[in-house]
Amino acid sequence: MADEVTLLDYWPSPFGMRLRIALAQKGIKYEYKDEDLSNKSPLLLKMNPIHKKIPVLIHNGKPICESLIAVQYIDEVWNDKSPLLPSDPYQRSQARFWADFVDKKVYENGRNLLWTKNGEEKEAAKKEFIEVLKVLEQELGDKSYFGGEKLGYVDVALIPFYTWFKGYETFGNINIEKECPKFIGWAKRCIKIESVSKAIPDQDKVYQFIVEVRKKRGIE
């Protein structure tokens, strides 16, 4: 029986982009359904009744929720091409650690840069955001990718946030390339990979989305 794969997603979501990249890396064909998060579909509510959030990967009628879990699932099920996680248990644990770090640090501080009105809180978020990227630069070291010479699990977890960088820089008043040139060099290598470039939207498009959301929230 052929695999039936559906992705419930929302186009600017960095979490959904992770699944799009992983699926593309593996060459998996799937049906893409873009959700209206203000009017969630019955399918989304059925497939993710606990959190009611995207992304949701549906494989032969069974849902897999939470993006990092879903990327691991994709890697395990379609393990004959482009492995994302290392085969060594220790290295695999480290990859999971850094992907979790991305969610806890990059996402949270980036969110504070975009949606916080308070000047002191924003300055604190700006400082920590740069510190987080410097920690990631240190972990990257001299490698081309966090996965070594090839795109890996941590790269897939992190590169979607690059599409939000114009927003982070504009509203956080940061020059990320000046502060973290090695990080930007890594990002530019990633987006040259076809599975990445086709899976993530243009920074300008995401920036316009951020501007619209800020207006709706009354943030100027």
# chains A, B, ... in the order shown; residues from 1 in each chain; ligands from 1
$ closest_atom_pairs --of "range 101-200 of chain A" --to "range 75-95 of chain A" --cutoff "9 Å" --atoms "only C-alpha atoms" --output "tab-separated table"
residue	atom	partner	partner_atom	distance
A:Phe146	CA	A:Ala95	CA	8.4
A:Gly147	CA	A:Leu84	CA	7.5
A:Lys150	CA	A:Leu84	CA	8.7
A:Leu151	CA	A:Leu84	CA	7.0
A:Gly152	CA	A:Leu84	CA	4.3
A:Tyr153	CA	A:Leu84	CA	4.8
A:Val154	CA	A:Ala95	CA	5.9
A:Asp155	CA	A:Leu84	CA	9.0
A:Val156	CA	A:Leu84	CA	8.3
$ write_last_selection --atoms "N, CA and C atoms" --output "PDB file, in the first residue's frame"
ATOM      1  N   PHE A 146      25.310  21.864  11.306  1.00  0.00           N
ATOM      2  CA  PHE A 146      25.281  21.243  12.633  1.00  0.00           C
ATOM      3  C   PHE A 146      25.325  19.718  12.504  1.00  0.00           C
ATOM      4  N   GLY A 147      24.845  19.218  11.381  1.00  0.00           N
ATOM      5  CA  GLY A 147      24.890  17.785  11.107  1.00  0.00           C
ATOM      6  C   GLY A 147      26.227  17.321  10.542  1.00  0.00           C
ATOM      7  N   LYS A 150      26.652  17.422   6.050  1.00  0.00           N
ATOM      8  CA  LYS A 150      25.326  17.376   5.443  1.00  0.00           C
ATOM      9  C   LYS A 150      24.279  17.957   6.396  1.00  0.00           C
ATOM     10  N   LEU A 151      23.192  18.400   5.823  1.00  0.00           N
ATOM     11  CA  LEU A 151      22.080  18.914   6.608  1.00  0.00           C
ATOM     12  C   LEU A 151      21.596  17.842   7.577  1.00  0.00           C
ATOM     13  N   GLY A 152      21.419  18.207   8.842  1.00  0.00           N
ATOM     14  CA  GLY A 152      20.981  17.258   9.855  1.00  0.00           C
ATOM     15  C   GLY A 152      19.792  17.769  10.657  1.00  0.00           C
ATOM     16  N   TYR A 153      19.487  17.064  11.699  1.00  0.00           N
ATOM     17  CA  TYR A 153      18.297  17.326  12.530  1.00  0.00           C
ATOM     18  C   TYR A 153      18.292  18.743  13.109  1.00  0.00           C
ATOM     19  N   VAL A 154      19.419  19.176  13.654  1.00  0.00           N
ATOM     20  CA  VAL A 154      19.478  20.518  14.262  1.00  0.00           C
ATOM     21  C   VAL A 154      19.342  21.597  13.192  1.00  0.00           C
ATOM     22  N   ASP A 155      19.949  21.367  12.033  1.00  0.00           N
ATOM     23  CA  ASP A 155      19.808  22.325  10.922  1.00  0.00           C
ATOM     24  C   ASP A 155      18.335  22.475  10.522  1.00  0.00           C
ATOM     25  N   VAL A 156      17.653  21.346  10.433  1.00  0.00           N
ATOM     26  CA  VAL A 156      16.229  21.362  10.059  1.00  0.00           C
ATOM     27  C   VAL A 156      15.404  22.077  11.121  1.00  0.00           C
TER      28      VAL A 156
END
$ select_by_dssp --residues "range 23-79 of chain A" --states "strand (DSSP E)" --output "list in words"
Glu31, Tyr32, Lys33, Asp34, Val56, Leu57, Ile58, His59, Lys62, Pro63, Ile64 and Cys65 of chain A
$ write_last_selection --atoms "all heavy atoms" --output "mmCIF file, in the first residue's frame"
data_model
loop_
_atom_site.group_PDB
_atom_site.id
_atom_site.type_symbol
_atom_site.label_atom_id
_atom_site.label_comp_id
_atom_site.auth_asym_id
_atom_site.auth_seq_id
_atom_site.Cartn_x
_atom_site.Cartn_y
_atom_site.Cartn_z
ATOM 1 N N GLU A 31 0.245 15.655 0.669
ATOM 2 C CA GLU A 31 -0.786 16.675 0.447
ATOM 3 C C GLU A 31 -0.608 17.770 1.488
ATOM 4 O O GLU A 31 -0.517 17.486 2.679
ATOM 5 C CB GLU A 31 -2.178 16.058 0.563
ATOM 6 C CG GLU A 31 -3.303 17.058 0.309
ATOM 7 C CD GLU A 31 -4.697 16.465 0.463
ATOM 8 O OE1 GLU A 31 -4.806 15.287 0.849
ATOM 9 O OE2 GLU A 31 -5.674 17.197 0.208
ATOM 10 N N TYR A 32 -0.566 19.003 1.022
ATOM 11 C CA TYR A 32 -0.372 20.138 1.924
ATOM 12 C C TYR A 32 -1.702 20.855 2.132
ATOM 13 O O TYR A 32 -2.391 21.204 1.172
ATOM 14 C CB TYR A 32 0.645 21.108 1.331
ATOM 15 C CG TYR A 32 0.921 22.308 2.204
ATOM 16 C CD1 TYR A 32 1.880 22.257 3.197
ATOM 17 C CD2 TYR A 32 0.206 23.498 2.036
ATOM 18 C CE1 TYR A 32 2.138 23.349 4.009
ATOM 19 C CE2 TYR A 32 0.449 24.594 2.838
ATOM 20 C CZ TYR A 32 1.426 24.523 3.825
ATOM 21 O OH TYR A 32 1.666 25.611 4.628
ATOM 22 N N LYS A 33 -2.046 21.065 3.398
ATOM 23 C CA LYS A 33 -3.273 21.803 3.711
ATOM 24 C C LYS A 33 -2.929 22.968 4.632
ATOM 25 O O LYS A 33 -2.490 22.770 5.766
ATOM 26 C CB LYS A 33 -4.302 20.874 4.381
ATOM 27 C CG LYS A 33 -4.826 19.791 3.441
ATOM 28 C CD LYS A 33 -5.977 19.024 4.055
ATOM 29 C CE LYS A 33 -6.544 18.005 3.059
ATOM 30 N NZ LYS A 33 -7.705 17.269 3.619
ATOM 31 N N ASP A 34 -3.117 24.180 4.109
ATOM 32 C CA ASP A 34 -2.818 25.384 4.877
ATOM 33 C C ASP A 34 -4.033 25.741 5.727
ATOM 34 O O ASP A 34 -5.136 25.915 5.205
ATOM 35 C CB ASP A 34 -2.461 26.536 3.940
ATOM 36 C CG ASP A 34 -1.621 27.591 4.623
ATOM 37 O OD1 ASP A 34 -0.500 27.254 5.045
ATOM 38 O OD2 ASP A 34 -2.069 28.742 4.734
ATOM 39 N N VAL A 56 0.622 19.298 11.951
ATOM 40 C CA VAL A 56 0.270 17.899 12.212
ATOM 41 C C VAL A 56 0.605 17.098 10.955
ATOM 42 O O VAL A 56 0.155 17.435 9.867
ATOM 43 C CB VAL A 56 -1.220 17.721 12.560
ATOM 44 C CG1 VAL A 56 -1.522 16.244 12.809
ATOM 45 C CG2 VAL A 56 -1.618 18.558 13.766
ATOM 46 N N LEU A 57 1.399 16.077 11.137
ATOM 47 C CA LEU A 57 1.694 15.138 10.053
ATOM 48 C C LEU A 57 0.709 13.984 10.171
ATOM 49 O O LEU A 57 0.538 13.418 11.254
ATOM 50 C CB LEU A 57 3.128 14.612 10.192
ATOM 51 C CG LEU A 57 3.592 13.612 9.134
ATOM 52 C CD1 LEU A 57 3.832 14.322 7.811
ATOM 53 C CD2 LEU A 57 4.863 12.894 9.603
ATOM 54 N N ILE A 58 0.041 13.668 9.084
ATOM 55 C CA ILE A 58 -0.887 12.545 9.086
ATOM 56 C C ILE A 58 -0.341 11.478 8.148
ATOM 57 O O ILE A 58 -0.205 11.713 6.941
ATOM 58 C CB ILE A 58 -2.307 12.973 8.643
ATOM 59 C CG1 ILE A 58 -2.796 14.166 9.479
ATOM 60 C CG2 ILE A 58 -3.282 11.802 8.770
ATOM 61 C CD1 ILE A 58 -4.086 14.780 8.976
ATOM 62 N N HIS A 59 -0.010 10.334 8.697
ATOM 63 C CA HIS A 59 0.586 9.243 7.917
ATOM 64 C C HIS A 59 -0.358 8.048 7.959
ATOM 65 O O HIS A 59 -0.575 7.465 9.021
ATOM 66 C CB HIS A 59 1.956 8.876 8.481
ATOM 67 C CG HIS A 59 2.648 7.799 7.710
ATOM 68 N ND1 HIS A 59 3.554 6.923 8.274
ATOM 69 C CD2 HIS A 59 2.567 7.439 6.387
ATOM 70 C CE1 HIS A 59 3.992 6.086 7.364
ATOM 71 N NE2 HIS A 59 3.404 6.378 6.213
ATOM 72 N N LYS A 62 -2.957 8.337 10.626
ATOM 73 C CA LYS A 62 -2.529 8.497 12.023
ATOM 74 C C LYS A 62 -1.780 9.817 12.197
ATOM 75 O O LYS A 62 -0.855 10.109 11.442
ATOM 76 C CB LYS A 62 -1.634 7.329 12.437
ATOM 77 C CG LYS A 62 -2.344 5.980 12.432
ATOM 78 C CD LYS A 62 -1.381 4.863 12.807
ATOM 79 C CE LYS A 62 -2.092 3.508 12.803
ATOM 80 N NZ LYS A 62 -1.161 2.399 13.131
ATOM 81 N N PRO A 63 -2.156 10.620 13.196
ATOM 82 C CA PRO A 63 -1.526 11.919 13.380
ATOM 83 C C PRO A 63 -0.253 11.858 14.217
ATOM 84 O O PRO A 63 -0.157 11.085 15.180
ATOM 85 C CB PRO A 63 -2.599 12.719 14.127
ATOM 86 C CG PRO A 63 -3.328 11.683 14.938
ATOM 87 C CD PRO A 63 -3.308 10.419 14.116
ATOM 88 N N ILE A 64 0.722 12.677 13.841
ATOM 89 C CA ILE A 64 1.931 12.876 14.635
ATOM 90 C C ILE A 64 2.037 14.378 14.875
ATOM 91 O O ILE A 64 2.158 15.160 13.926
ATOM 92 C CB ILE A 64 3.203 12.355 13.924
ATOM 93 C CG1 ILE A 64 3.078 10.868 13.598
ATOM 94 C CG2 ILE A 64 4.421 12.568 14.811
ATOM 95 C CD1 ILE A 64 2.559 10.571 12.213
ATOM 96 N N CYS A 65 1.963 14.780 16.140
ATOM 97 C CA CYS A 65 1.957 16.195 16.507
ATOM 98 C C CYS A 65 3.297 16.601 17.124
ATOM 99 O O CYS A 65 4.073 15.755 17.564
ATOM 100 C CB CYS A 65 0.833 16.478 17.496
ATOM 101 S SG CYS A 65 -0.802 15.958 16.909
#
$ select_by_dssp --residues "range 4-110 of chain A" --states "alpha helix (DSSP H)" --output "VMD selection string"
chain A and resid 14 to 26 42 to 47 67 to 77 89 to 101 108 to 110
$ atom_distance --atom1 "CA of Leu68 in chain A" --atom2 "CA of Tyr30 in chain A"
18.3 Å
$ atom_distance --atom1 "CA of Pro14 in chain A" --atom2 "CA of Asn60 in chain A"
24.2 Å
$ atom_distance --atom1 "CA of Ile184 in chain A" --atom2 "CA of Phe101 in chain A"
18.2 Å
$ residues_around --residues "Lys198 in chain A" --least-positions-apart "5" --cutoff "12 Å" --atoms "only C-alpha atoms" --output "list in words"
Met17, Arg18, Arg20, Ile21, Ala22, Leu23, Ala24, Gln25, Pro160, Cys190, Ile191, Lys192 and Ile193 of chain A
$ write_last_selection --atoms "all heavy atoms" --output "CSV table (one decimal), in the first residue's frame"
chain,number,residue,atom,x,y,z
A,17,MET,N,7.6,24.6,8.8
A,17,MET,CA,8.7,24.5,7.8
A,17,MET,C,9.6,23.4,8.0
A,17,MET,O,10.2,22.8,7.1
A,17,MET,CB,9.5,25.8,7.8
A,17,MET,CG,8.7,27.0,7.3
A,17,MET,SD,9.7,28.6,7.5
A,17,MET,CE,8.4,29.8,7.8
A,18,ARG,N,9.8,23.0,9.3
A,18,ARG,CA,10.7,21.9,9.6
A,18,ARG,C,10.2,20.6,8.9
A,18,ARG,O,11.0,19.9,8.4
A,18,ARG,CB,10.7,21.6,11.2
A,18,ARG,CG,11.3,22.7,12.0
A,18,ARG,CD,11.1,22.5,13.4
A,18,ARG,NE,11.9,23.4,14.2
A,18,ARG,CZ,11.8,23.6,15.6
A,18,ARG,NH1,10.9,22.9,16.2
A,18,ARG,NH2,12.6,24.4,16.2
A,20,ARG,N,8.2,20.4,6.3
A,20,ARG,CA,8.3,20.6,4.9
A,20,ARG,C,9.8,20.3,4.4
A,20,ARG,O,9.9,19.6,3.4
A,20,ARG,CB,8.0,22.0,4.5
A,20,ARG,CG,6.5,22.3,4.6
A,20,ARG,CD,6.2,23.8,4.3
A,20,ARG,NE,5.7,24.5,5.4
A,20,ARG,CZ,5.6,25.8,5.5
A,20,ARG,NH1,6.1,26.6,4.6
A,20,ARG,NH2,5.1,26.4,6.6
A,21,ILE,N,10.8,20.7,5.1
A,21,ILE,CA,12.2,20.5,4.8
A,21,ILE,C,12.4,19.0,4.9
A,21,ILE,O,13.0,18.4,4.0
A,21,ILE,CB,13.1,21.3,5.7
A,21,ILE,CG1,13.0,22.8,5.4
A,21,ILE,CG2,14.6,20.9,5.4
A,21,ILE,CD1,13.6,23.7,6.4
A,22,ALA,N,12.1,18.4,6.0
A,22,ALA,CA,12.3,17.0,6.2
A,22,ALA,C,11.7,16.1,5.2
A,22,ALA,O,12.3,15.2,4.6
A,22,ALA,CB,11.9,16.5,7.6
A,23,LEU,N,10.4,16.4,4.8
A,23,LEU,CA,9.7,15.6,3.8
A,23,LEU,C,10.4,15.8,2.4
A,23,LEU,O,10.6,14.8,1.7
A,23,LEU,CB,8.3,16.1,3.7
A,23,LEU,CG,7.4,15.7,4.9
A,23,LEU,CD1,6.1,16.4,4.9
A,23,LEU,CD2,7.1,14.2,4.9
A,24,ALA,N,10.9,17.0,2.1
A,24,ALA,CA,11.5,17.3,0.9
A,24,ALA,C,12.9,16.6,0.8
A,24,ALA,O,13.3,16.0,-0.2
A,24,ALA,CB,11.7,18.8,0.7
A,25,GLN,N,13.6,16.6,1.9
A,25,GLN,CA,14.9,15.9,2.0
A,25,GLN,C,14.8,14.4,1.7
A,25,GLN,O,15.6,13.8,1.1
A,25,GLN,CB,15.5,16.1,3.4
A,25,GLN,CG,16.3,17.3,3.6
A,25,GLN,CD,17.7,17.3,2.9
A,25,GLN,OE1,17.8,17.9,1.8
A,25,GLN,NE2,18.7,16.6,3.4
A,160,PRO,N,14.4,27.2,9.7
A,160,PRO,CA,13.2,28.0,9.4
A,160,PRO,C,13.1,29.3,10.1
A,160,PRO,O,12.5,30.3,9.6
A,160,PRO,CB,12.1,27.0,10.0
A,160,PRO,CG,12.7,25.7,9.9
A,160,PRO,CD,14.1,25.9,10.2
A,190,CYS,N,22.6,26.8,4.1
A,190,CYS,CA,21.4,26.0,4.2
A,190,CYS,C,20.4,26.3,3.1
A,190,CYS,O,19.8,25.4,2.5
A,190,CYS,CB,20.8,26.1,5.5
A,190,CYS,SG,21.6,25.3,6.9
A,191,ILE,N,20.2,27.6,2.8
A,191,ILE,CA,19.2,28.0,1.9
A,191,ILE,C,19.5,27.7,0.4
A,191,ILE,O,18.7,27.9,-0.5
A,191,ILE,CB,18.7,29.4,2.1
A,191,ILE,CG1,19.8,30.4,1.9
A,191,ILE,CG2,18.0,29.6,3.5
A,191,ILE,CD1,19.4,31.9,2.0
A,192,LYS,N,20.8,27.4,0.2
A,192,LYS,CA,21.2,26.9,-1.1
A,192,LYS,C,20.7,25.5,-1.4
A,192,LYS,O,20.7,25.1,-2.6
A,192,LYS,CB,22.7,27.1,-1.3
A,192,LYS,CG,23.2,28.5,-1.4
A,192,LYS,CD,24.7,28.6,-1.6
A,192,LYS,CE,25.2,30.0,-1.7
A,192,LYS,NZ,26.7,30.1,-1.8
A,193,ILE,N,20.4,24.8,-0.4
A,193,ILE,CA,19.9,23.4,-0.6
A,193,ILE,C,18.5,23.4,-1.0
A,193,ILE,O,17.6,24.1,-0.4
A,193,ILE,CB,20.0,22.6,0.8
A,193,ILE,CG1,21.5,22.6,1.2
A,193,ILE,CG2,19.5,21.2,0.6
A,193,ILE,CD1,21.7,22.0,2.6
